[in-house]
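Colleague: What follows is a single structure, and I will ask about it in a moment.
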Amino acid sequence: MASVHESLYFNPMMTNGVVHANVFGIKDWVTPYKIAVLVLLSDMTKCTQISLIEKRRLNKLILPLLQGPDMTLSRLLKAVDECCPTLANSVKIRIKLMAEGELKDMEQFFDDLGDSFTGTEPEVHKTSVVGLFLRHMILAYNKLSFSQVYKLYTALQQYFEAEKTATSATAAANEEADMDMTNSESTDGRMGKEELDLPLSEEEMTCAGPLSQKQAEYFLSQQASLLKSDENKALSPASLQKELNSLLKFNPDFSEAHYLSYLNSLRVQDVFSSTHSLLHYFDRLILTGAESKSSGEDGYGRSLRYAALNLAALHCRFGHYQQAELALQEAIRIAQESNDHVCLQHCLSWLYILEQKKGSESCVLLEHVKKTVHFGLPYLASLGIQSLVQQRAFAGKTANKLMDALKDLDLLHWKHSLSELIGISIAQKTAIWRLYGQSTMALQQAQILLSMNSLEAVNVGIHQNNTESFAVVLCHLAALHAEQGCFASASEILKHLKERFPPSSQHSKLWMLFDQKIQFDKAMNDGKYHIAESLVPGIAALNSIEGMYRKAIVLKAQNQTSEAHRILQTLLTHCQKIKNIEMIIRVLVAIAQLYWRSSGHTIALPVLLQALALSREYRLQSLASENILNLAFSQLILGIPEQALNILHMAIEPILAHGSVLDKGRAMFLVAKCQIASAASCSPEKKTEALNSAVLNLNEAKTYFAKVDCKAQIRDVLYVQARLFNTLGRMQERNQCAMLFRQLHQELPSHGVSLINCL
């Protein structure tokens, strides 16, 4: 009954009642390129002048030649010439004799191929890769009719003529180059094996003709691997879709091509095409019975539930959470009916993601996701544990417990060779250390990942990994360099990110956001608020919360206090609703700074204490240190500099160890101002000693501000230094500071904010 059922509802040779020639009905067919490869294999067995090294190179070359798509004769001969020039010349001569001779020469060539298997010690074993290829070619050639043989011979002649035309064009170009360049010999580049492993260019793909089944499978697996690990080397979305449409034109039921079309549509965020291709993939998978052959009688139901699960993942990716939830419920229902625990675990993980996207608490779901290791799903179990670690980090758990959990998780990764998850784990550690304000540890973890080769080679001999974890780590590295005033280095890292993850790639939004934030911080440091304001829409497009916060910061700097306060209050309410603790603390600090500008220092104190309590509760050391600086500044303004100095000692060490250059400068500047204020009540000797110490701290603060080119802060330091040198009677140094202050004041006019009201 099964065969009757398949004959009624599925026939790969028939679509809508019309019989088509199914390309994949024949495993291989003869093309001019494959004749050239056959000539190469024949000459390899007969030529006795090939050295051991040349034979080894040729053996490495054969597999990509057999598996890859057809290529031009000039490209083939260039590849062979790199391995063995003598053999390349021999192949070219034999193809020339065959193409310029008669049809019987090609007939005789195929008749002689069978001799390779004869004898007690045959030149080629029938079951080897080369032997199977030869047998397929002989069988395919013998099945051709006379008219098809004649067409093949004509195609071979055209194939050789195209090579002659290309050779003559190259020779003419070289002659022109010889007239202009003395080192024209260096223009002949060598073709490495990795170049053969890479996909052909778009022009060569259009000339390659239809692919055989093996070539199609190799092409699809190669492109899928490149899309996963190195999207830059894959074909462009338009070119890849063109090739997939060509494959599906010959075989509409080629399910793998539909799935690669789905992945390709995701690259360009095409909702309609990706949904269409995904549904077609599972339709073909169910109709062909491929699942039932590998999964028993439950194959049909298995495809249905995984189709619903993938559809839920697709809707979740595009932000269609209601549709994703409906598809996920369907997948759960079918999986429960079939008692498929593996599918249910996958559904559970996506249910957690959906709940997280909607801002709901889902700790219970994560605890269940951790148990997937008992079902033989280490990959899913690892993702569940890493999500739990991330959630615990936001909840303020201690770093040592989180790192112990990730260390145990790394053992699982190395045990199962999960190289992608090893990178994700290291990126997670980098982000956690940055969240906790430990920039040195974050930098160390970033360097570990960047210096570690991937366990999965994209191509033979090439280890590169363009996954999300590498993008995250490089973005953190750029931000860390920018915080230390190394904007040129940060720019180089971002330039590398742009090359490695072009704007059309799926991870490009990461570096776009970091790039905009670094430019914004630099513009604010330079006092160019109009430039910073122009960057706000770009930040808001990538992260709405960050965009609102940056807009309020610009308005605060421009003295638009009421508008900035309104935005910050709206943002505070929203962040409290979604429990974004880090942003809540930053907003509270910004609100307190607005109170300073209104001379409401007593009102600012409770706000700063609330921010400090949250920072310590969630172990955010950098934010806690920043809050202590702000509290010390408030105490200085309220007339208790001694108390301000006491609490400054709590923050100065972590700031100098892990803080940004700007924070270091602010800390040293504040220490100097506190020393000056507290020296007023001291004896003359102690006062002079305190003022001299303040001079040293001001010089250090000025050095830090100069690293980030923060001219407004340098101007403030020069003003305080000039007053200080005047008190100490050091007139020459006072005059120098006054002159520098005047230059900066003319270049950077004040916005009417008193020096005493800003940190």
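Just so we're on the same page: first chain in the structure tokens is A, next is B, and so on; residues restart at 1 for each chain, and ligands are numbered from 1 in the order they show up.
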Show me, as a VMD selection string, the residues that have an atom within 8 Å of stretch 566-572 of chain A when counting only C-alpha atoms, minus same-chain residues fewer than 6 positions from it.
Modeller: chain A and resid 545 548 to 549 552 584 587 to 588 590 to 591
Colleague: Which polymer residues have any atom within 10 Å of an atom of A:Ile637, counting only C-alpha atoms, with same-chain residues fewer than 5 positions away left out, as a list in words?
Modeller: Trp596, Ser599, His601, Thr602, Leu631, Ala632, Ala644, Cys674, Ala677, Ile756 and Asn757 of chain A
Colleague: Go ahead and compute the interatomic distance for atom CA of A:Ser349 and atom CA of A:Leu309, in Å to one decimal.
Modeller: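 Separating atom CA of A:Ser349 from atom CA of A:Leu309 is a distance of 10.8 Å.
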Colleague: Fewer than 2 positions away in the same chain doesn't count, so skip those; otherwise give me all residues within 10 Å of stretch 487-502 of chain A, counting only C-alpha atoms, as a PDB file with N, CA and C atoms, in the first residue's frame.
Modeller:
```pdb
ATOM      1  N   ASP A 230      30.963  32.201   7.648  1.00  0.00           N
ATOM      2  CA  ASP A 230      31.680  33.275   6.959  1.00  0.00           C
ATOM      3  C   ASP A 230      30.827  33.769   5.805  1.00  0.00           C
ATOM      4  N   GLU A 231      29.874  34.609   6.124  1.00  0.00           N
ATOM      5  CA  GLU A 231      28.875  35.023   5.139  1.00  0.00           C
ATOM      6  C   GLU A 231      29.487  35.806   3.986  1.00  0.00           C
ATOM      7  N   ASN A 232      30.611  36.467   4.223  1.00  0.00           N
ATOM      8  CA  ASN A 232      31.239  37.270   3.170  1.00  0.00           C
ATOM      9  C   ASN A 232      31.661  36.436   1.973  1.00  0.00           C
ATOM     10  N   LYS A 233      32.073  35.183   2.215  1.00  0.00           N
ATOM     11  CA  LYS A 233      32.585  34.347   1.141  1.00  0.00           C
ATOM     12  C   LYS A 233      31.480  33.598   0.407  1.00  0.00           C
ATOM     13  N   ASN A 465      36.068  32.292  11.811  1.00  0.00           N
ATOM     14  CA  ASN A 465      34.754  32.112  12.407  1.00  0.00           C
ATOM     15  C   ASN A 465      34.082  33.471  12.489  1.00  0.00           C
ATOM     16  N   ASN A 466      33.086  33.686  11.656  1.00  0.00           N
ATOM     17  CA  ASN A 466      32.376  34.961  11.645  1.00  0.00           C
ATOM     18  C   ASN A 466      31.020  34.814  12.321  1.00  0.00           C
ATOM     19  N   THR A 467      31.020  34.222  13.494  1.00  0.00           N
ATOM     20  CA  THR A 467      29.784  33.999  14.226  1.00  0.00           C
ATOM     21  C   THR A 467      29.465  35.206  15.106  1.00  0.00           C
ATOM     22  N   GLU A 468      28.311  35.157  15.750  1.00  0.00           N
ATOM     23  CA  GLU A 468      27.862  36.267  16.582  1.00  0.00           C
ATOM     24  C   GLU A 468      28.806  36.503  17.759  1.00  0.00           C
ATOM     25  N   PHE A 470      32.036  36.240  17.903  1.00  0.00           N
ATOM     26  CA  PHE A 470      33.184  37.049  17.482  1.00  0.00           C
ATOM     27  C   PHE A 470      32.776  38.508  17.303  1.00  0.00           C
ATOM     28  N   ALA A 471      31.582  38.733  16.773  1.00  0.00           N
ATOM     29  CA  ALA A 471      31.109  40.113  16.608  1.00  0.00           C
ATOM     30  C   ALA A 471      30.945  40.793  17.966  1.00  0.00           C
ATOM     31  N   LEU A 474      34.487  41.532  19.495  1.00  0.00           N
ATOM     32  CA  LEU A 474      35.156  42.641  18.810  1.00  0.00           C
ATOM     33  C   LEU A 474      34.503  43.974  19.155  1.00  0.00           C
ATOM     34  N   CYS A 475      33.177  43.987  19.295  1.00  0.00           N
ATOM     35  CA  CYS A 475      32.486  45.221  19.698  1.00  0.00           C
ATOM     36  C   CYS A 475      32.907  45.647  21.101  1.00  0.00           C
ATOM     37  N   HIS A 476      32.980  44.695  22.028  1.00  0.00           N
ATOM     38  CA  HIS A 476      33.432  45.017  23.386  1.00  0.00           C
ATOM     39  C   HIS A 476      34.875  45.517  23.366  1.00  0.00           C
ATOM     40  N   LEU A 477      35.688  44.919  22.508  1.00  0.00           N
ATOM     41  CA  LEU A 477      37.093  45.339  22.410  1.00  0.00           C
ATOM     42  C   LEU A 477      37.188  46.779  21.907  1.00  0.00           C
ATOM     43  N   ALA A 478      36.366  47.129  20.911  1.00  0.00           N
ATOM     44  CA  ALA A 478      36.350  48.507  20.404  1.00  0.00           C
ATOM     45  C   ALA A 478      35.905  49.479  21.493  1.00  0.00           C
ATOM     46  N   ALA A 479      34.871  49.095  22.257  1.00  0.00           N
ATOM     47  CA  ALA A 479      34.381  49.965  23.335  1.00  0.00           C
ATOM     48  C   ALA A 479      35.435  50.142  24.426  1.00  0.00           C
ATOM     49  N   LEU A 480      36.148  49.058  24.770  1.00  0.00           N
ATOM     50  CA  LEU A 480      37.194  49.147  25.800  1.00  0.00           C
ATOM     51  C   LEU A 480      38.325  50.068  25.363  1.00  0.00           C
ATOM     52  N   HIS A 481      38.704  49.997  24.081  1.00  0.00           N
ATOM     53  CA  HIS A 481      39.752  50.888  23.573  1.00  0.00           C
ATOM     54  C   HIS A 481      39.281  52.341  23.580  1.00  0.00           C
ATOM     55  N   ALA A 482      38.015  52.561  23.213  1.00  0.00           N
ATOM     56  CA  ALA A 482      37.484  53.927  23.207  1.00  0.00           C
ATOM     57  C   ALA A 482      37.440  54.500  24.621  1.00  0.00           C
ATOM     58  N   GLU A 483      37.101  53.673  25.608  1.00  0.00           N
ATOM     59  CA  GLU A 483      37.059  54.139  27.002  1.00  0.00           C
ATOM     60  C   GLU A 483      38.438  54.581  27.494  1.00  0.00           C
ATOM     61  N   GLN A 484      39.480  53.961  26.947  1.00  0.00           N
ATOM     62  CA  GLN A 484      40.845  54.322  27.355  1.00  0.00           C
ATOM     63  C   GLN A 484      41.440  55.410  26.466  1.00  0.00           C
ATOM     64  N   GLY A 485      40.610  56.022  25.636  1.00  0.00           N
ATOM     65  CA  GLY A 485      41.077  57.120  24.796  1.00  0.00           C
ATOM     66  C   GLY A 485      41.778  56.699  23.531  1.00  0.00           C
ATOM     67  N   SER A 504      24.813  44.168   5.272  1.00  0.00           N
ATOM     68  CA  SER A 504      23.721  43.254   4.913  1.00  0.00           C
ATOM     69  C   SER A 504      23.710  41.983   5.761  1.00  0.00           C
ATOM     70  N   SER A 505      24.776  41.737   6.548  1.00  0.00           N
ATOM     71  CA  SER A 505      24.850  40.507   7.332  1.00  0.00           C
ATOM     72  C   SER A 505      23.978  40.612   8.575  1.00  0.00           C
ATOM     73  N   GLN A 506      23.668  39.449   9.165  1.00  0.00           N
ATOM     74  CA  GLN A 506      22.708  39.421  10.267  1.00  0.00           C
ATOM     75  C   GLN A 506      23.265  39.985  11.574  1.00  0.00           C
ATOM     76  N   HIS A 507      24.598  40.024  11.721  1.00  0.00           N
ATOM     77  CA  HIS A 507      25.187  40.515  12.969  1.00  0.00           C
ATOM     78  C   HIS A 507      25.706  41.948  12.843  1.00  0.00           C
ATOM     79  N   SER A 508      25.369  42.627  11.760  1.00  0.00           N
ATOM     80  CA  SER A 508      25.923  43.968  11.533  1.00  0.00           C
ATOM     81  C   SER A 508      25.357  44.997  12.512  1.00  0.00           C
ATOM     82  N   LYS A 509      24.145  44.753  13.049  1.00  0.00           N
ATOM     83  CA  LYS A 509      23.538  45.725  13.962  1.00  0.00           C
ATOM     84  C   LYS A 509      24.361  45.894  15.238  1.00  0.00           C
ATOM     85  N   LEU A 510      25.122  44.860  15.601  1.00  0.00           N
ATOM     86  CA  LEU A 510      25.940  44.946  16.818  1.00  0.00           C
ATOM     87  C   LEU A 510      26.994  46.036  16.688  1.00  0.00           C
ATOM     88  N   TRP A 511      27.804  45.957  15.605  1.00  0.00           N
ATOM     89  CA  TRP A 511      28.857  46.961  15.470  1.00  0.00           C
ATOM     90  C   TRP A 511      28.295  48.330  15.091  1.00  0.00           C
ATOM     91  N   MET A 512      27.141  48.353  14.411  1.00  0.00           N
ATOM     92  CA  MET A 512      26.530  49.649  14.088  1.00  0.00           C
ATOM     93  C   MET A 512      26.188  50.427  15.360  1.00  0.00           C
ATOM     94  N   PHE A 514      27.501  49.979  18.453  1.00  0.00           N
ATOM     95  CA  PHE A 514      28.722  50.362  19.167  1.00  0.00           C
ATOM     96  C   PHE A 514      29.418  51.523  18.460  1.00  0.00           C
ATOM     97  N   ASP A 515      29.416  51.512  17.149  1.00  0.00           N
ATOM     98  CA  ASP A 515      30.036  52.594  16.377  1.00  0.00           C
ATOM     99  C   ASP A 515      29.351  53.920  16.667  1.00  0.00           C
ATOM    100  N   ILE A 518      30.182  55.093  20.289  1.00  0.00           N
ATOM    101  CA  ILE A 518      31.548  55.607  20.426  1.00  0.00           C
ATOM    102  C   ILE A 518      31.651  57.005  19.810  1.00  0.00           C
ATOM    103  N   GLN A 519      31.038  57.190  18.638  1.00  0.00           N
ATOM    104  CA  GLN A 519      31.043  58.511  18.014  1.00  0.00           C
ATOM    105  C   GLN A 519      30.304  59.532  18.885  1.00  0.00           C
ATOM    106  N   LYS A 522      32.491  60.508  21.847  1.00  0.00           N
ATOM    107  CA  LYS A 522      33.594  61.355  21.400  1.00  0.00           C
ATOM    108  C   LYS A 522      33.109  62.783  21.129  1.00  0.00           C
ATOM    109  N   LYS A 707      43.775  62.667  27.021  1.00  0.00           N
ATOM    110  CA  LYS A 707      43.729  61.408  26.262  1.00  0.00           C
ATOM    111  C   LYS A 707      42.430  61.252  25.483  1.00  0.00           C
ATOM    112  N   VAL A 708      41.334  61.736  26.073  1.00  0.00           N
ATOM    113  CA  VAL A 708      40.034  61.628  25.390  1.00  0.00           C
ATOM    114  C   VAL A 708      39.646  62.949  24.736  1.00  0.00           C
TER     115      VAL A 708
END
```
Colleague: Using only C-alpha atoms, pick whichever of A:Leu348, A:Val268, A:Val607, A:Cys682 has the shortest atom-to-atom distance to A:Phe318.
Modeller: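 Using only C-alpha atoms, the shortest distance to A:Phe318 belongs to A:Val268.
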Colleague: Using the chain letters and numbers from this document, which residues of stretch 40-72 of chain A does DSSP assign to helix (DSSP H, G or I), as a PyMOL selection string?
Modeller: chain A and resi 40-46+52-67
Colleague: Just checking: using only C-alpha atoms, which residue out of A:His136, A:Lys92, A:Lys143, A:Lys687 ends up closest to A:Leu113?
Modeller: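 Result for the nearest residue to A:Leu113: A:His136.
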Colleague: Which residues come within 12 Å of A:Glu123, counting only C-alpha atoms, excluding same-chain residues fewer than 5 positions away, as a list of chain:residue names?
Modeller: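 The residues that qualify are A:Leu41, A:Ser42, A:Asp43, A:Met44, A:Thr45, A:Lys46, A:Cys47, A:Leu113, A:Gly114, A:Asp115, A:Ser116, A:Phe117, A:Thr118, A:Ser128, A:Val130, A:Gly131, A:Leu134.
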Colleague: Just to confirm, what's the straight-line distance from atom CA of A:Lys415 to atom CA of A:Leu383 in Å (one decimal)?
Modeller: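 Computing the Euclidean distance for atom CA of A:Lys415 and atom CA of A:Leu383 yields 15.5 Å.
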Colleague: Give the answer as one residue: which of A:Arg734, A:Arg94, A:Arg75, A:Lys711 has the shortest atom-to-atom distance to A:Ala162, using only C-alpha atoms?
Modeller: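 Ranked by minimum distance to A:Ala162, first place goes to A:Arg75.
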Colleague: For atom CA of A:Ala324 and atom CA of A:Ile353, determine how far apart the two atoms are, in Å to one decimal place.
Modeller: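 So the answer is 10.7 Å.
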Colleague: Do a neighbour search on A:Leu328 at 8 Å with only C-alpha atoms, toss out local chain neighbours closer than 5 positions, and write the hits as an mmCIF file with N, CA and C atoms, in the first residue's frame.
Modeller:
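Now in selection-v8.cif:
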```cif
data_model
loop_
_atom_site.group_PDB
_atom_site.id
_atom_site.type_symbol
_atom_site.label_atom_id
_atom_site.label_comp_id
_atom_site.auth_asym_id
_atom_site.auth_seq_id
_atom_site.Cartn_x
_atom_site.Cartn_y
_atom_site.Cartn_z
ATOM 1 N N ALA A 308 6.092 23.236 12.328
ATOM 2 C CA ALA A 308 5.460 24.235 13.187
ATOM 3 C C ALA A 308 6.484 24.916 14.094
ATOM 4 N N LEU A 309 7.447 24.154 14.585
ATOM 5 C CA LEU A 309 8.478 24.714 15.465
ATOM 6 C C LEU A 309 9.352 25.712 14.706
ATOM 7 N N ALA A 312 7.486 28.871 14.117
ATOM 8 C CA ALA A 312 7.471 29.693 15.335
ATOM 9 C C ALA A 312 8.792 30.455 15.488
ATOM 10 N N CYS A 347 10.798 23.001 21.945
ATOM 11 C CA CYS A 347 9.657 23.910 22.126
ATOM 12 C C CYS A 347 9.788 24.694 23.422
ATOM 13 N N TRP A 350 12.204 27.566 23.006
ATOM 14 C CA TRP A 350 11.623 28.691 22.267
ATOM 15 C C TRP A 350 10.531 29.377 23.076
ATOM 16 N N LEU A 351 9.863 28.629 23.924
ATOM 17 C CA LEU A 351 8.865 29.236 24.809
ATOM 18 C C LEU A 351 9.540 30.202 25.786
#
```
Colleague: Can you tell me which residues surround A:Leu744 at a distance of at most 10 Å, considering only C-alpha atoms, apart from same-chain residues fewer than 6 positions away, and format the answer as a list in words?
Modeller: Lys711, Ala712, Ile714, Arg715, Asp716, Leu718 and Ala738 of chain A
Colleague: Take the residues just selected and output them with C-alpha atoms as a PDB file, in the first residue's frame.
Modeller:
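The new file out-v2.pdb reads:
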```pdb
ATOM      1  CA  LYS A 711      38.472  70.203  26.152  1.00  0.00           C
ATOM      2  CA  ALA A 712      35.676  71.396  28.426  1.00  0.00           C
ATOM      3  CA  ILE A 714      40.669  70.603  30.555  1.00  0.00           C
ATOM      4  CA  ARG A 715      39.407  74.206  30.600  1.00  0.00           C
ATOM      5  CA  ASP A 716      37.911  73.657  34.061  1.00  0.00           C
ATOM      6  CA  LEU A 718      43.175  75.056  33.983  1.00  0.00           C
ATOM      7  CA  ALA A 738      45.454  81.532  32.447  1.00  0.00           C
TER       8      ALA A 738
END
```
Colleague: Nearest to A:Ile581: which of A:Pro654, A:Leu435, A:Gly538, A:Lys686 is it, counting only C-alpha atoms?
Modeller: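 Counting only C-alpha atoms, the residue closest to A:Ile581 is A:Leu435.
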Colleague: Given only C-alpha atoms as the basis, pick out the residue of A:Phe219, A:Tyr141, A:Phe254, A:Tyr704 nearest to A:Leu240.
Modeller: A:Phe219
